[in-house]
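Participant: File name input_14.cif; file contents mmCIF, C-alpha atoms; full text below.
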```cif
data_start
#
loop_
_atom_site.label_atom_id
_atom_site.label_comp_id
_atom_site.auth_asym_id
_atom_site.auth_seq_id
_atom_site.Cartn_x
_atom_site.Cartn_y
_atom_site.Cartn_z
CA MET A 1 91.56 104.10 118.21
CA LYS A 2 91.23 101.06 115.99
CA THR A 3 93.88 98.37 116.30
CA SER A 4 95.01 96.53 113.22
CA ILE A 5 97.07 93.36 113.27
CA VAL A 6 99.66 93.06 110.52
CA SER A 7 101.95 90.62 112.24
CA SER A 8 101.22 87.84 114.70
CA ASP A 9 103.30 89.43 117.45
CA VAL A 10 102.89 93.18 116.83
CA LYS A 11 99.63 95.06 117.28
CA LEU A 12 99.64 98.58 115.90
CA THR A 13 97.08 101.32 115.64
CA SER A 14 96.19 102.49 112.17
CA ASN A 15 98.17 105.68 112.92
CA MET A 16 101.31 103.67 113.70
CA GLU A 17 100.83 101.74 110.46
CA ASP A 18 100.61 105.08 108.63
CA TYR A 19 103.92 106.13 110.21
CA LEU A 20 105.62 102.90 109.10
CA GLU A 21 104.26 103.31 105.59
CA ALA A 22 105.43 106.94 105.45
CA ILE A 23 108.91 106.02 106.71
CA SER A 24 109.15 103.24 104.13
CA ASN A 25 108.06 105.53 101.30
CA LEU A 26 110.50 108.24 102.40
CA GLU A 27 113.35 105.72 102.60
CA LYS A 28 112.56 104.58 99.05
CA LYS A 29 112.32 108.15 97.78
CA ASN A 30 115.14 109.87 99.71
CA ARG A 31 117.13 106.91 101.07
CA VAL A 32 116.45 108.29 104.57
CA ALA A 33 113.48 109.45 106.62
CA ARG A 34 113.55 112.53 108.83
CA VAL A 35 111.09 113.76 111.44
CA ARG A 36 110.19 116.86 109.43
CA ASP A 37 109.60 114.83 106.26
CA ILE A 38 107.33 112.41 108.10
CA ALA A 39 105.42 115.34 109.62
CA SER A 40 104.99 116.89 106.19
CA THR A 41 103.92 113.61 104.58
CA LEU A 42 101.33 112.82 107.25
CA LYS A 43 100.35 116.45 107.82
CA VAL A 44 101.03 116.29 111.55
CA LYS A 45 103.20 118.30 113.94
CA MET A 46 106.78 117.25 114.64
CA PRO A 47 106.13 116.46 118.35
CA SER A 48 103.47 113.95 117.21
CA VAL A 49 106.05 112.29 115.00
CA THR A 50 108.56 112.11 117.84
CA SER A 51 105.97 110.44 120.10
CA ALA A 52 105.10 107.91 117.41
CA LEU A 53 108.76 107.15 116.76
CA LYS A 54 109.23 106.26 120.43
CA VAL A 55 106.42 103.70 120.18
CA LEU A 56 107.81 102.24 116.95
CA ARG A 57 111.32 102.06 118.45
CA GLU A 58 110.00 100.33 121.60
CA ASN A 59 108.37 97.71 119.36
CA GLY A 60 111.65 97.12 117.52
CA LEU A 61 110.32 98.47 114.23
CA ILE A 62 112.73 101.37 113.71
CA ASN A 63 116.21 102.49 114.66
CA TYR A 64 116.10 106.08 115.80
CA GLU A 65 117.98 108.40 118.10
CA LYS A 66 117.07 112.05 118.65
CA ASN A 67 118.26 114.31 115.81
CA SER A 68 119.13 111.37 113.55
CA PHE A 69 117.64 109.64 110.55
CA ILE A 70 114.89 107.08 111.02
CA ILE A 71 115.62 103.62 109.64
CA LEU A 72 113.21 100.69 109.53
CA THR A 73 114.42 97.48 111.11
CA GLU A 74 113.92 94.27 109.17
CA LYS A 75 110.75 93.62 111.17
CA GLY A 76 109.54 97.19 110.56
CA ALA A 77 110.28 96.91 106.84
CA ASP A 78 108.34 93.63 106.62
CA ILE A 79 105.29 95.22 108.23
CA ALA A 80 105.62 98.36 106.09
CA ASN A 81 105.82 96.20 102.95
CA THR A 82 102.63 94.38 103.98
CA ILE A 83 100.86 97.69 104.55
CA THR A 84 102.07 99.00 101.18
CA LYS A 85 100.94 95.80 99.46
CA LYS A 86 97.50 96.20 101.04
CA HIS A 87 97.33 99.82 99.93
CA ASN A 88 98.36 99.03 96.36
CA THR A 89 95.99 96.05 96.05
CA LEU A 90 93.06 98.03 97.43
CA THR A 91 93.83 100.94 95.09
CA ARG A 92 93.99 98.52 92.17
CA PHE A 93 90.66 96.95 93.22
CA LEU A 94 88.97 100.33 93.58
CA GLU A 95 90.27 101.59 90.23
CA THR A 96 90.06 98.39 88.16
CA ILE A 97 86.96 96.70 89.51
CA LEU A 98 84.89 99.51 91.01
CA LEU A 99 86.15 102.14 88.54
CA ILE A 100 86.74 104.73 91.29
CA THR A 101 88.25 107.92 89.90
CA PRO A 102 90.23 110.07 90.18
CA ASN A 103 93.30 108.22 91.45
CA GLU A 104 93.53 110.51 94.49
CA ARG A 105 90.05 109.40 95.58
CA ALA A 106 90.96 105.72 95.19
CA GLN A 107 94.24 106.29 97.06
CA GLY A 108 92.46 108.02 99.93
CA MET A 109 89.87 105.28 100.24
CA ALA A 110 92.55 102.59 100.07
CA CYS A 111 94.46 104.30 102.88
CA LYS A 112 91.41 104.11 105.11
CA MET A 113 90.58 100.52 104.17
CA GLU A 114 94.08 99.04 104.40
CA HIS A 115 93.95 98.95 108.19
CA ALA A 116 90.89 96.69 108.24
CA VAL A 117 91.90 94.12 105.62
CA ASP A 118 93.64 90.95 106.75
CA CYS A 119 96.17 89.08 104.62
CA ASP A 120 93.75 86.31 103.59
CA THR A 121 91.23 88.87 102.32
CA LEU A 122 94.02 90.74 100.53
CA ASN A 123 95.16 87.55 98.79
CA ARG A 124 91.59 86.76 97.73
CA MET A 125 91.17 90.28 96.34
CA THR A 126 94.41 89.95 94.40
CA ARG A 127 93.28 86.64 92.89
CA PHE A 128 89.89 88.16 92.06
CA ILE A 129 91.43 91.16 90.29
CA ASP A 130 93.80 88.90 88.35
CA ALA A 131 90.96 86.55 87.36
CA PHE A 132 88.75 89.47 86.35
CA ASP A 133 91.52 90.93 84.21
CA GLU A 134 92.26 87.60 82.57
CA GLU A 135 88.88 85.88 82.37
CA MET A 136 86.42 88.73 81.94
CA THR A 137 88.23 91.45 80.08
CA GLY A 138 91.12 89.45 78.60
CA LEU A 139 88.86 86.87 77.00
CA GLY A 140 86.32 89.45 75.92
CA LYS A 141 83.52 88.14 78.13
CA ILE A 142 82.70 91.69 79.14
CA ASP A 143 83.76 94.90 77.49
CA ALA A 144 84.86 97.99 79.38
CA LYS A 145 81.76 100.05 78.50
CA LYS A 146 79.37 97.32 79.62
CA TRP A 147 81.29 96.90 82.89
CA LYS A 148 81.26 100.67 83.51
CA ASP A 149 77.52 100.85 82.89
CA LEU A 150 76.95 97.89 85.23
CA ILE A 151 79.07 99.36 88.04
CA GLU A 152 77.50 102.79 87.67
CA GLY A 153 73.99 101.33 87.74
CA LYS A 154 73.21 102.16 84.10
CA GLU A 155 72.85 98.50 83.04
CA LYS A 156 69.23 97.41 82.65
#
```
Would you kindly transcribe this structure into structure tokens?
Facilitator:
Amino acid sequence: MKTSIVSSDVKLTSNMEDYLEAISNLEKKNRVARVRDIASTLKVKMPSVTSALKVLRENGLINYEKNSFIILTEKGADIANTITKKHNTLTRFLETILLITPNERAQGMACKMEHAVDCDTLNRMTRFIDAFDEEMTGLGKIDAKKWKDLIEGKEK
């Protein structure tokens, strides 16, 4: 299983990152996260969730007792926010720059990629997307049709 580093002192597998991201999203949506909701979100069985929660609790990333709500600690929330930022930036890159559609396809690809991208690369991608939006399309240096043709290999 691939290990991704999102914090200097915590090493998590991509699966554990997915659990943190799911918990964060559920907290934002429902104010709380429950085992069954996490299982449904990640399409896994509840015993798998329980095992993952033990690992996250041991790393100080969540507060959780059996049969209670799951709450991210400050450290867990920071890591989850970083993961979410990676996901959103990668989705934006795939949709805006590479013109990947539909959104579900871009989201799925971003989910796979987010575990491999470090923070420096993420920041560079963000600056690239912003510069592209401002310099290329904003100033009319390239129109949307020409860009689409270029990306799709139709430009001669």
Participant: How many Å lie between atom CA of Glu17 of chain A and atom CA of Ser51 of chain A, rounded to one decimal?
Facilitator: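 Between atom CA of Glu17 of chain A and atom CA of Ser51 of chain A the gap works out to 14.0 Å.
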Participant: Determine the nearest neighbour of Arg92 of chain A from the options A:Thr13, A:Thr41, A:Asn59, A:Gln107, counting only C-alpha atoms.
Facilitator: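 Answer, going by the shortest atom-to-atom distance: A:Gln107.
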Participant: Residues near Leu26 of chain A, anyone? I mean within 8 Å using all atoms listed in the file, not counting same-chain ones fewer than 5 positions away, as a list in words.
Facilitator: Arg31, Val32, Ala33, Asp37 and Ile38 of chain A
Participant: Need the shell around Val55 of chain A: protein/DNA/RNA residues with any atom at most 12 Å away, counting all atoms listed in the file. Skip same-chain ones fewer than 6 positions apart. Format as a list in words?
Facilitator: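 These residues fall inside the cut-off: Val10, Lys11, Leu12, Thr13, Asn15, Met16, Glu17, Tyr19, Leu20, Ser48, Val49, Leu61, Ile62, Asn63 and Tyr64 of chain A.
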Participant: Produce a file of the selected residues containing C-alpha atoms, as a PDB file, keeping the file's coordinate frame.
Facilitator:
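part.pdb, freshly written:
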```pdb
ATOM      1  CA  VAL A  10     102.890  93.180 116.830  1.00  0.00           C
ATOM      2  CA  LYS A  11      99.630  95.060 117.280  1.00  0.00           C
ATOM      3  CA  LEU A  12      99.640  98.580 115.900  1.00  0.00           C
ATOM      4  CA  THR A  13      97.080 101.320 115.640  1.00  0.00           C
ATOM      5  CA  ASN A  15      98.170 105.680 112.920  1.00  0.00           C
ATOM      6  CA  MET A  16     101.310 103.670 113.700  1.00  0.00           C
ATOM      7  CA  GLU A  17     100.830 101.740 110.460  1.00  0.00           C
ATOM      8  CA  TYR A  19     103.920 106.130 110.210  1.00  0.00           C
ATOM      9  CA  LEU A  20     105.620 102.900 109.100  1.00  0.00           C
ATOM     10  CA  SER A  48     103.470 113.950 117.210  1.00  0.00           C
ATOM     11  CA  VAL A  49     106.050 112.290 115.000  1.00  0.00           C
ATOM     12  CA  LEU A  61     110.320  98.470 114.230  1.00  0.00           C
ATOM     13  CA  ILE A  62     112.730 101.370 113.710  1.00  0.00           C
ATOM     14  CA  ASN A  63     116.210 102.490 114.660  1.00  0.00           C
ATOM     15  CA  TYR A  64     116.100 106.080 115.800  1.00  0.00           C
TER      16      TYR A  64
END
```
Participant: Which residues would end up in the selection if the PyMOL selection byres ((chain A and resi 71) around 12) were applied here, given that I need the answer as a PyMOL selection string?
Facilitator: chain A and resi 19-20+22-28+30-35+53+56-57+60-65+68-70+72-77+80
Participant: May I have the residues within 9 Å of Leu94 of chain A as an mmCIF file with C-alpha atoms, keeping the file's coordinate frame, using all atoms listed in the file and disregarding those fewer than 3 positions away in the same chain?
Facilitator:
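Saved as around_0.cif:
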```cif
data_model
loop_
_atom_site.group_PDB
_atom_site.id
_atom_site.type_symbol
_atom_site.label_atom_id
_atom_site.label_comp_id
_atom_site.auth_asym_id
_atom_site.auth_seq_id
_atom_site.Cartn_x
_atom_site.Cartn_y
_atom_site.Cartn_z
ATOM 1 C CA THR A 89 95.990 96.050 96.050
ATOM 2 C CA LEU A 90 93.060 98.030 97.430
ATOM 3 C CA THR A 91 93.830 100.940 95.090
ATOM 4 C CA ILE A 97 86.960 96.700 89.510
ATOM 5 C CA LEU A 98 84.890 99.510 91.010
ATOM 6 C CA LEU A 99 86.150 102.140 88.540
ATOM 7 C CA ILE A 100 86.740 104.730 91.290
ATOM 8 C CA THR A 101 88.250 107.920 89.900
ATOM 9 C CA ALA A 106 90.960 105.720 95.190
ATOM 10 C CA GLN A 107 94.240 106.290 97.060
ATOM 11 C CA MET A 109 89.870 105.280 100.240
ATOM 12 C CA ALA A 110 92.550 102.590 100.070
#
```
Participant: How many Å separate atom CA of Asp133 of chain A from atom CA of Asp149 of chain A?
Facilitator: 17.2 Å
Participant: Missing atoms in segment 64-83 of chain A: can you complete it with N, CA and C atoms, as a CSV table (one decimal), in the frame of the given file?
Facilitator:
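Dumped to part02.csv:
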```
chain,number,residue,atom,x,y,z
A,64,TYR,N,116.2,104.6,115.8
A,64,TYR,CA,116.1,106.1,115.8
A,64,TYR,C,116.7,106.6,117.1
A,65,GLU,N,117.5,107.6,117.0
A,65,GLU,CA,118.0,108.4,118.1
A,65,GLU,C,117.7,109.9,117.8
A,66,LYS,N,117.4,110.6,118.8
A,66,LYS,CA,117.1,112.0,118.6
A,66,LYS,C,118.0,112.7,117.7
A,67,ASN,N,117.5,113.6,116.8
A,67,ASN,CA,118.3,114.3,115.8
A,67,ASN,C,119.0,113.4,114.8
A,68,SER,N,118.5,112.2,114.6
A,68,SER,CA,119.1,111.4,113.6
A,68,SER,C,118.1,110.9,112.6
A,69,PHE,N,118.5,110.2,111.5
A,69,PHE,CA,117.6,109.6,110.6
A,69,PHE,C,116.9,108.5,111.2
A,70,ILE,N,115.7,108.2,110.6
A,70,ILE,CA,114.9,107.1,111.0
A,70,ILE,C,115.1,106.0,110.0
A,71,ILE,N,115.4,104.8,110.5
A,71,ILE,CA,115.6,103.6,109.6
A,71,ILE,C,114.7,102.5,110.1
A,72,LEU,N,114.0,101.9,109.2
A,72,LEU,CA,113.2,100.7,109.5
A,72,LEU,C,114.1,99.5,109.8
A,73,THR,N,113.7,98.8,110.9
A,73,THR,CA,114.4,97.5,111.1
A,73,THR,C,113.9,96.5,110.1
A,74,GLU,N,114.4,95.3,110.1
A,74,GLU,CA,113.9,94.3,109.2
A,74,GLU,C,112.4,94.0,109.5
A,75,LYS,N,112.1,93.9,110.7
A,75,LYS,CA,110.8,93.6,111.2
A,75,LYS,C,109.8,94.8,110.8
A,76,GLY,N,110.3,96.0,110.9
A,76,GLY,CA,109.5,97.2,110.6
A,76,GLY,C,109.3,97.3,109.1
A,77,ALA,N,110.4,96.9,108.3
A,77,ALA,CA,110.3,96.9,106.8
A,77,ALA,C,109.3,95.8,106.3
A,78,ASP,N,109.3,94.7,107.0
A,78,ASP,CA,108.3,93.6,106.6
A,78,ASP,C,106.9,94.1,106.8
A,79,ILE,N,106.6,94.7,108.0
A,79,ILE,CA,105.3,95.2,108.2
A,79,ILE,C,104.9,96.3,107.3
A,80,ALA,N,105.9,97.3,107.0
A,80,ALA,CA,105.6,98.4,106.1
A,80,ALA,C,105.3,97.8,104.7
A,81,ASN,N,106.1,96.8,104.3
A,81,ASN,CA,105.8,96.2,103.0
A,81,ASN,C,104.4,95.6,102.9
A,82,THR,N,104.0,94.9,103.9
A,82,THR,CA,102.6,94.4,104.0
A,82,THR,C,101.6,95.5,103.9
A,83,ILE,N,101.8,96.6,104.6
A,83,ILE,CA,100.9,97.7,104.6
A,83,ILE,C,100.8,98.3,103.1
```
